[in-house]
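Q: Dumping the structure here so I can ask a few things about it.
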There are 4 protein chains.
Amino acid sequence: MMTKDYSMTELWIDSDGGIVSGNAVFDPWQLTWEESRSHEHRGLRTINARDALRHLHETAPMRRLPVGVIGPREATPGQCAIAGKLGRELANLGLTLLCGGKSGVMEAICRGHAEAGGLPIGLLPDEDWRAANDYVAIPIATGIGNARNAIIARACFALIAVGGGYGTLSEIAFGLHYGRLVLTLDAAPEVEGAIRCTDIDDALDRLAARVFNRDTVEMPPA
Amino acid sequence: MMTKDYSMTELWIDSDGGIVSGNAVFDPWQLTWEESRSHEHRGLRTINARDALRHLHETAPMRRLPVGVIGPREATPGQCAIAGKLGRELANLGLTLLCGGKSGVMEAICRGHAEAGGLPIGLLPDEDWRAANDYVAIPIATGIGNARNAIIARACFALIAVGGGYGTLSEIAFGLHYGRLVLTLDAAPEVEGAIRCTDIDDALDRLAARVFNRDTVEMPPA
Amino acid sequence: MMTKDYSMTELWIDSDGGIVSGNAVFDPWQLTWEESRSHEHRGLRTINARDALRHLHETAPMRRLPVGVIGPREATPGQCAIAGKLGRELANLGLTLLCGGKSGVMEAICRGHAEAGGLPIGLLPDEDWRAANDYVAIPIATGIGNARNAIIARACFALIAVGGGYGTLSEIAFGLHYGRLVLTLDAAPEVEGAIRCTDIDDALDRLAARVFNRDTVEMPPA
Amino acid sequence: MMTKDYSMTELWIDSDGGIVSGNAVFDPWQLTWEESRSHEHRGLRTINARDALRHLHETAPMRRLPVGVIGPREATPGQCAIAGKLGRELANLGLTLLCGGKSGVMEAICRGHAEAGGLPIGLLPDEDWRAANDYVAIPIATGIGNARNAIIARACFALIAVGGGYGTLSEIAFGLHYGRLVLTLDAAPEVEGAIRCTDIDDALDRLAARVFNRDTVEMPPA
């Protein structure tokens with residue numbers, strides 16, 4: 001089976017800075033494609049999904065629908081390194097991070113995200129926001145324990161697991177149950193329907209393609 | 001590796017009807033073993049865990065800590081048959097059934113349980129109890145959607161999956177996360193830590209052994 | 001304003017033991033009135049709602065939609081006495097009790113209910129069922145903390161507050177928000193829409209009338 | 001009884017821009033007072049709590065612990081006007097807004113907050129973020145229905161009710177149960193423990209004083 005090249009998703013940018021596909025323009029606040037009112041878009045050039053995302057984030061009010069990053073409290077150094085880099089890249093793309101707000105992968109992702117200027121949100125199981133890791137910018141203490149996993153999966157348009165045990169598995173299961181894009185990196189639980197990414201770039205390409213609803217486009221046979 | 005014969009768990013019943021193991025007596029309300037006050041128990045005879053459970057249910061006030069049965073809304077005839085039989089057997093053992101209260105496996109398990117005199121509890125995702133299947137005796141409409149899966153896994157001392165998709169997988173994951181005994185029958189998701197049972201009898205033996213905290217006893221080498 | 005005499009709700013019992021009102025028969029499993037198939041009901045005699053409830057509980061499979069009793073963990077002796085008596089009376093009517101499962105009013109209501117043969121359900125905030133009071137027969141450990149208050153209010157067709165502070169107030173508010181019958185006894189928070197009962201008998205009359213959907217019937221002018 | 005003048009809370013700003021009180025310096029990330037390491041702070045001048053808050057927001061990384069604004073979906077024009085102004089003022093102070101994300105007061109507060117540069121968070125009862133009002137910048141679709149009220153009350157260090165019915169009352173009750181500062185404006189439910197503010201300025205003074213843990217300081221007698 002041919003692997004889709006998500007960096008080549010057929011998006012265009014017009015001379016007004018709008019992101020165009022076919023005869024539709026992307027609305028970054030409603031996160032939908034609207035039939036274009038103009039008969040023609042001038043000065044079109046192709047743009048990949050990640051660049052389009054970064055462009056919109058910098059030039060237009062864009063709804064901050066969160067991306068969830070999930071993973072274990074006790075993480076390996078390798079998982080923390082991946083999470084840190086992923087957090088920075090998500091911030092660079094202007095994506096909002098929602099995570100469980102605790103230690104391990106959650107702390108590493110928050111740290112990276114915050115270092116690159118993001119405002120990581122921690123949806124804590126605890127009753128007190130002080131239970132958040134030191135890099136959570138917006139702590140939301142739910143007081144509902146691990147049932148908050150169901151909310152993380154519901155609230156995010158995509159989930160990225162960096163390793164993980166049973167808690168992470170519960171989030172992956174909910175994410176797939178709710179039709180979310182679920183990506184995995186490192187030794188995350190293997191679940192049919194979750195997409196194992198080759199590396200962070202692959203994950204970011206898939207995320208960006210999902211924002212534009214362009215990750216399900218069938219690839220033509222070679 | 002030797003398979004443990006749970007039907008042979010070393011329990012004894014004394015002439016007063018108490019369940020004894022070593023120098024401890026089982027307290028069916030606290031669900032714990034208490035050091036025995038008597039120096040000797042008279043008229044001891046061995047009893048297997050399922051018979052001990054049924055005996056206590058019939059003779060003593062026993063705390064009704066629920067067993068969770070989980071599975072898909074769209075079930076195969078084979079899964080419904082298994083669930084129906086399982087429901088009846090759980091009622092015969094005096095075990096309280098907690099499930100999601102909807103269709104498919106949940107309806108089949110409730111039907112079997114009710115037919116054998118049980119009072120199946122349905123922890124519904126819905127806001128209205130009328131969304132329960134027709135065999136739920138005690139409907140608990142939570143209004144919290146699928147987040148109720150986290151509660152089912154938390155509330156039950158054991159979970160039995162009869163088939164299942166992503167919703168069931170979320171419950172299995174939470175169950176294992178919380179240290180619950182998780183048993184699977186038919187084509188339930190495969191998760192490390194969950195125990196695939198050979199048949200309903202195997203599942204019932206393991207459930208009964210767990211009630212008496214006797215399912216983790218090491219087997220002597222052959 | 002005239003006070004309605006709920007003990008006189010216009011219910012009838014026919015010679016087959018069905019509960020009749022106008023040309024409808026009450027279905028104790030669906031908890032609805034069904035148009036009667038027979039042209040006439042023979043041997044009708046009037047019955048009050050509490051007797052009708054008790055009668056159905058003893059003669060027919062009746063759906064065990066729970067009644068919620070709410071109140072503080074630190075209760076006065078007077079509140080505990082009321083709760084104990086109320087618990088017994090609810091059991092005598094065959095009503096299923098759902099409460100928070102902790103100490104104070106919750107413990108007193110469970111004790112009374114259990115003493116009269118009921119099976120009190122405790123929807124616990126805790127992660128471990130052992131946090132239940134000693135009279136909870138069916139412990140449901142939710143692990144979601146006080147957010148379980150929202151579920152108690154949703155799941156019950158009626159709530160009775162015996163005293164109470166802010167926790168009880170949250171349940172009263174949710175109950176009224178969801179259109180539940182909310183009754184108060186002793187020094188429960190005063191909220192518009194909640195009905196202050198004169199005594200336990202008044203509360204029981206109103207509860208029974210609500211089961212039959214007969215508590216909103218307009219009183220004829222004197 | 002003497003009314004406290006919260007605009008006069010005894011805070012000082014030193015020449016390094018630190019907020020000082022007695023011999024302690026405020027840590028805007030941990031939101032606590034730390035014993036000062038320097039023996040003396042130079043160039044101290046008094047500053048009121050609101051100016052101190054705005055100053056920290058502009059000069060230092062400050063943890064974005066949210067303020068909750070609660071109120072009805074069907075709001076009066078007066079309530080919407082208050083909410084809109086309040087939203088703008090909260091944004092001007094650099095405070096993060098968490099609300100239910102729906103219509104009425106919630107929409108008005110989000111609109112005002114967004115117009116002044118804030119990023120209003122909507123903790124939605126719904127399963128789909130598209131149920132958010134048009135001014136929610138960060139939608140968090142919980143899928144748990146009105147049980148999300150319990151989370152709003154838990155997550156916020158303070159709640160401000162602008163009018164409100166039973167839903168708002170449930171949040172006030174939870175807020176007081178959890179020891180949160182609960183302020184009311186307009187025709188919000190009257191609950192002992194909630195503070196009725198004379199106007200928006202009064203509410204903002206009290207909020208700012210709470211951030212610095214200076215709202216419970218006893219006033220000396222005149």
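We label chains A, B, ... in the order they appear in the structure tokens, count residues from 1 in each chain, and number ligands from 1 in the order shown.
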To test your reading of the structure, identify every residue in region 41-195 of chain B that backbone DSSP assigns to helix (DSSP H, G or I), and report it as a ChimeraX atom specification.

A: /B:49-59,77-92,105-115,129-131,145-155,166-177

Q: Generate the output file for the selected residues, C-alpha atoms, as a PDB file, in the first residue's frame.

A:
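And here is the file that came out, result26.pdb:
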```pdb
ATOM      1  CA  ALA B  49     -14.959 -20.649  45.737  1.00  0.00           C
ATOM      2  CA  ARG B  50     -18.172 -20.618  43.707  1.00  0.00           C
ATOM      3  CA  ASP B  51     -19.999 -22.792  46.201  1.00  0.00           C
ATOM      4  CA  ALA B  52     -18.638 -20.681  49.036  1.00  0.00           C
ATOM      5  CA  LEU B  53     -19.921 -17.552  47.333  1.00  0.00           C
ATOM      6  CA  ARG B  54     -23.364 -19.023  46.762  1.00  0.00           C
ATOM      7  CA  HIS B  55     -23.432 -20.269  50.332  1.00  0.00           C
ATOM      8  CA  LEU B  56     -22.619 -16.862  51.802  1.00  0.00           C
ATOM      9  CA  HIS B  57     -25.116 -15.147  49.544  1.00  0.00           C
ATOM     10  CA  GLU B  58     -27.852 -17.461  50.844  1.00  0.00           C
ATOM     11  CA  THR B  59     -26.943 -17.442  54.513  1.00  0.00           C
ATOM     12  CA  PRO B  77     -25.832 -13.814  18.344  1.00  0.00           C
ATOM     13  CA  GLY B  78     -22.957 -15.779  19.850  1.00  0.00           C
ATOM     14  CA  GLN B  79     -22.000 -12.897  22.142  1.00  0.00           C
ATOM     15  CA  CYS B  80     -25.605 -12.465  23.226  1.00  0.00           C
ATOM     16  CA  ALA B  81     -25.838 -16.163  24.038  1.00  0.00           C
ATOM     17  CA  ILE B  82     -22.670 -16.003  26.135  1.00  0.00           C
ATOM     18  CA  ALA B  83     -23.855 -12.839  27.866  1.00  0.00           C
ATOM     19  CA  GLY B  84     -27.261 -14.334  28.623  1.00  0.00           C
ATOM     20  CA  LYS B  85     -25.775 -17.433  30.201  1.00  0.00           C
ATOM     21  CA  LEU B  86     -23.202 -15.373  32.084  1.00  0.00           C
ATOM     22  CA  GLY B  87     -25.926 -13.120  33.451  1.00  0.00           C
ATOM     23  CA  ARG B  88     -27.863 -16.080  34.780  1.00  0.00           C
ATOM     24  CA  GLU B  89     -24.778 -17.601  36.379  1.00  0.00           C
ATOM     25  CA  LEU B  90     -23.838 -14.336  38.068  1.00  0.00           C
ATOM     26  CA  ALA B  91     -27.333 -14.148  39.543  1.00  0.00           C
ATOM     27  CA  ASN B  92     -27.071 -17.750  40.712  1.00  0.00           C
ATOM     28  CA  VAL B 105     -24.223  -7.427  25.099  1.00  0.00           C
ATOM     29  CA  MET B 106     -25.564  -5.127  27.801  1.00  0.00           C
ATOM     30  CA  GLU B 107     -29.149  -6.074  27.035  1.00  0.00           C
ATOM     31  CA  ALA B 108     -28.348  -9.779  26.852  1.00  0.00           C
ATOM     32  CA  ILE B 109     -26.512  -9.792  30.161  1.00  0.00           C
ATOM     33  CA  CYS B 110     -29.330  -7.879  31.878  1.00  0.00           C
ATOM     34  CA  ARG B 111     -31.937 -10.220  30.455  1.00  0.00           C
ATOM     35  CA  GLY B 112     -30.140 -13.319  31.672  1.00  0.00           C
ATOM     36  CA  HIS B 113     -29.437 -11.788  35.051  1.00  0.00           C
ATOM     37  CA  ALA B 114     -33.046 -10.684  35.546  1.00  0.00           C
ATOM     38  CA  GLU B 115     -34.418 -14.042  34.434  1.00  0.00           C
ATOM     39  CA  TRP B 129     -33.496   6.467  32.469  1.00  0.00           C
ATOM     40  CA  ARG B 130     -35.888   5.508  29.670  1.00  0.00           C
ATOM     41  CA  ALA B 131     -32.825   5.034  27.476  1.00  0.00           C
ATOM     42  CA  GLY B 145     -21.984  10.246  28.297  1.00  0.00           C
ATOM     43  CA  ASN B 146     -19.237   7.714  27.757  1.00  0.00           C
ATOM     44  CA  ALA B 147     -17.262   9.140  30.657  1.00  0.00           C
ATOM     45  CA  ARG B 148     -19.429   6.752  32.665  1.00  0.00           C
ATOM     46  CA  ASN B 149     -17.108   4.003  31.393  1.00  0.00           C
ATOM     47  CA  ALA B 150     -14.506   5.273  33.830  1.00  0.00           C
ATOM     48  CA  ILE B 151     -16.996   4.836  36.672  1.00  0.00           C
ATOM     49  CA  ILE B 152     -17.980   1.311  35.670  1.00  0.00           C
ATOM     50  CA  ALA B 153     -14.330   0.305  35.747  1.00  0.00           C
ATOM     51  CA  ARG B 154     -13.782   2.031  39.078  1.00  0.00           C
ATOM     52  CA  ALA B 155     -16.889   0.694  40.813  1.00  0.00           C
ATOM     53  CA  TYR B 166     -13.295   0.922  21.446  1.00  0.00           C
ATOM     54  CA  GLY B 167     -15.801   1.619  24.229  1.00  0.00           C
ATOM     55  CA  THR B 168     -15.133  -1.761  25.781  1.00  0.00           C
ATOM     56  CA  LEU B 169     -11.411  -1.207  25.316  1.00  0.00           C
ATOM     57  CA  SER B 170     -11.626   2.032  27.303  1.00  0.00           C
ATOM     58  CA  GLU B 171     -13.220   0.108  30.167  1.00  0.00           C
ATOM     59  CA  ILE B 172     -10.634  -2.669  30.003  1.00  0.00           C
ATOM     60  CA  ALA B 173      -7.871  -0.050  30.081  1.00  0.00           C
ATOM     61  CA  PHE B 174      -9.375   1.738  33.080  1.00  0.00           C
ATOM     62  CA  GLY B 175     -10.002  -1.584  34.819  1.00  0.00           C
ATOM     63  CA  LEU B 176      -6.384  -2.629  34.479  1.00  0.00           C
ATOM     64  CA  HIS B 177      -5.263   0.878  35.438  1.00  0.00           C
TER      65      HIS B 177
END
```

Q: Matching each Cα of chain C to the same-order Cα of chain D and superposing by least squares, what RMSD do you find?

A: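 Across all paired C-alpha atoms, the RMSD is 0.1 Å.
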
Q: With only C-alpha atoms as the counted atoms, please give the residues lying no more than 9 Å from Pro139 (chain C), apart from itself and same-chain residues fewer than 5 positions off, as number ranges by chain.

A: B: 63-66, 155; C: 101, 120-124, 129-130, 132

Q: Please report, as a ChimeraX atom specification, each residue of region 80-143 of chain D to which DSSP assigns strand (DSSP E) when run on this structure's backbone.

A: /D:97-99,121-124,138-141

Q: Just write the chosen residues, N, CA and C atoms, as a tab-separated table (two decimals), in the first residue's frame.

A:
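Writing done, so here's again16.tsv:
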```
chain	number	residue	atom	x	y	z
D	97	LEU	N	-10.19	33.61	31.49
D	97	LEU	CA	-11.62	33.37	31.70
D	97	LEU	C	-11.98	31.94	31.35
D	98	LEU	N	-12.66	31.29	32.28
D	98	LEU	CA	-13.24	29.96	32.02
D	98	LEU	C	-14.74	30.09	32.23
D	99	CYS	N	-15.51	29.64	31.24
D	99	CYS	CA	-16.96	29.67	31.40
D	99	CYS	C	-17.56	28.47	30.71
D	121	ILE	N	-11.98	30.59	27.47
D	121	ILE	CA	-12.08	29.13	27.43
D	121	ILE	C	-13.54	28.75	27.69
D	122	GLY	N	-14.07	27.88	26.86
D	122	GLY	CA	-15.44	27.39	27.05
D	122	GLY	C	-15.44	25.92	27.40
D	123	LEU	N	-15.82	25.60	28.63
D	123	LEU	CA	-15.90	24.19	29.06
D	123	LEU	C	-17.32	23.73	28.77
D	124	LEU	N	-17.49	23.12	27.62
D	124	LEU	CA	-18.81	22.84	27.10
D	124	LEU	C	-19.40	21.55	27.67
D	138	ILE	N	-10.90	29.04	23.05
D	138	ILE	CA	-10.41	27.69	23.34
D	138	ILE	C	-11.59	26.83	23.77
D	139	PRO	N	-12.18	26.09	22.85
D	139	PRO	CA	-13.32	25.24	23.21
D	139	PRO	C	-12.83	23.91	23.79
D	140	ILE	N	-13.41	23.52	24.92
D	140	ILE	CA	-13.12	22.22	25.51
D	140	ILE	C	-14.45	21.49	25.65
D	141	ALA	N	-14.72	20.64	24.68
D	141	ALA	CA	-15.98	19.89	24.68
D	141	ALA	C	-15.84	18.71	25.62
```

Q: Measuring atom to atom with only C-alpha atoms, identify which of D:Ile144, D:Leu183, D:Val20, D:Ile13 is nearest to chain A.

A: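 Ranking D:Ile144, D:Leu183, D:Val20, D:Ile13 by distance to chain A, first place goes to D:Ile144.
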
Q: Would you mind telling me which residue in A:Gly71, A:Gly118, A:Pro61, A:Gly94 lies nearest to chain D when using only C-alpha atoms?

A: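 Checking each candidate against chain D, we get A:Pro61 as the closest.
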
Q: Do a neighbour search on Ser15 (chain C) at 8 Å with only C-alpha atoms, toss out local chain neighbours closer than 4 positions, and write the hits as number ranges by chain.

A: C: 41-44

Q: For Ala161 (chain C), find every residue with an atom within 6 Å (counting only C-alpha atoms), except residues of its own chain fewer than 3 positions away, and show them as a list of chain:residue names.

A: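 Near Ala161 (chain C), the qualifying residues are C:Val69, C:Ile70, C:Gly71, C:Thr184.
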
Q: Which residue out of B:Glu35, B:Asp27, B:Asp205, B:Glu127 has the minimum interatomic distance to chain D when only C-alpha atoms are used?

A: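 Selected residue with least distance to chain D: B:Glu127.
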
Q: For Ala187 (chain C), list every protein, DNA or RNA residue within 8 Å, evaluated using only C-alpha atoms, and leave out those in the same chain fewer than 6 positions away; present the list as an MDAnalysis selection string.

A: chainID C and resid 162:164

Q: Please indicate the distance in Å from CA of Leu11 (chain D) to CA of Val67 (chain D), rounded to one decimal place.

A: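 Atom-to-atom, CA of Leu11 (chain D) to CA of Val67 (chain D), that is 21.4 Å.
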
Q: When distances are computed from only C-alpha atoms, which of C:Asp201, C:Leu207, C:Gly179, C:Asp186 shows the smallest separation from chain D?

A: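 When distances to chain D are compared using only C-alpha atoms, the smallest one comes from C:Gly179.
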
Q: Give me the residues within 9 Å of Trp12 (chain D) as an MDAnalysis selection string, counting only C-alpha atoms and dropping any in the same chain fewer than 3 places off.

A: chainID D and resid 18:22 44:48 52
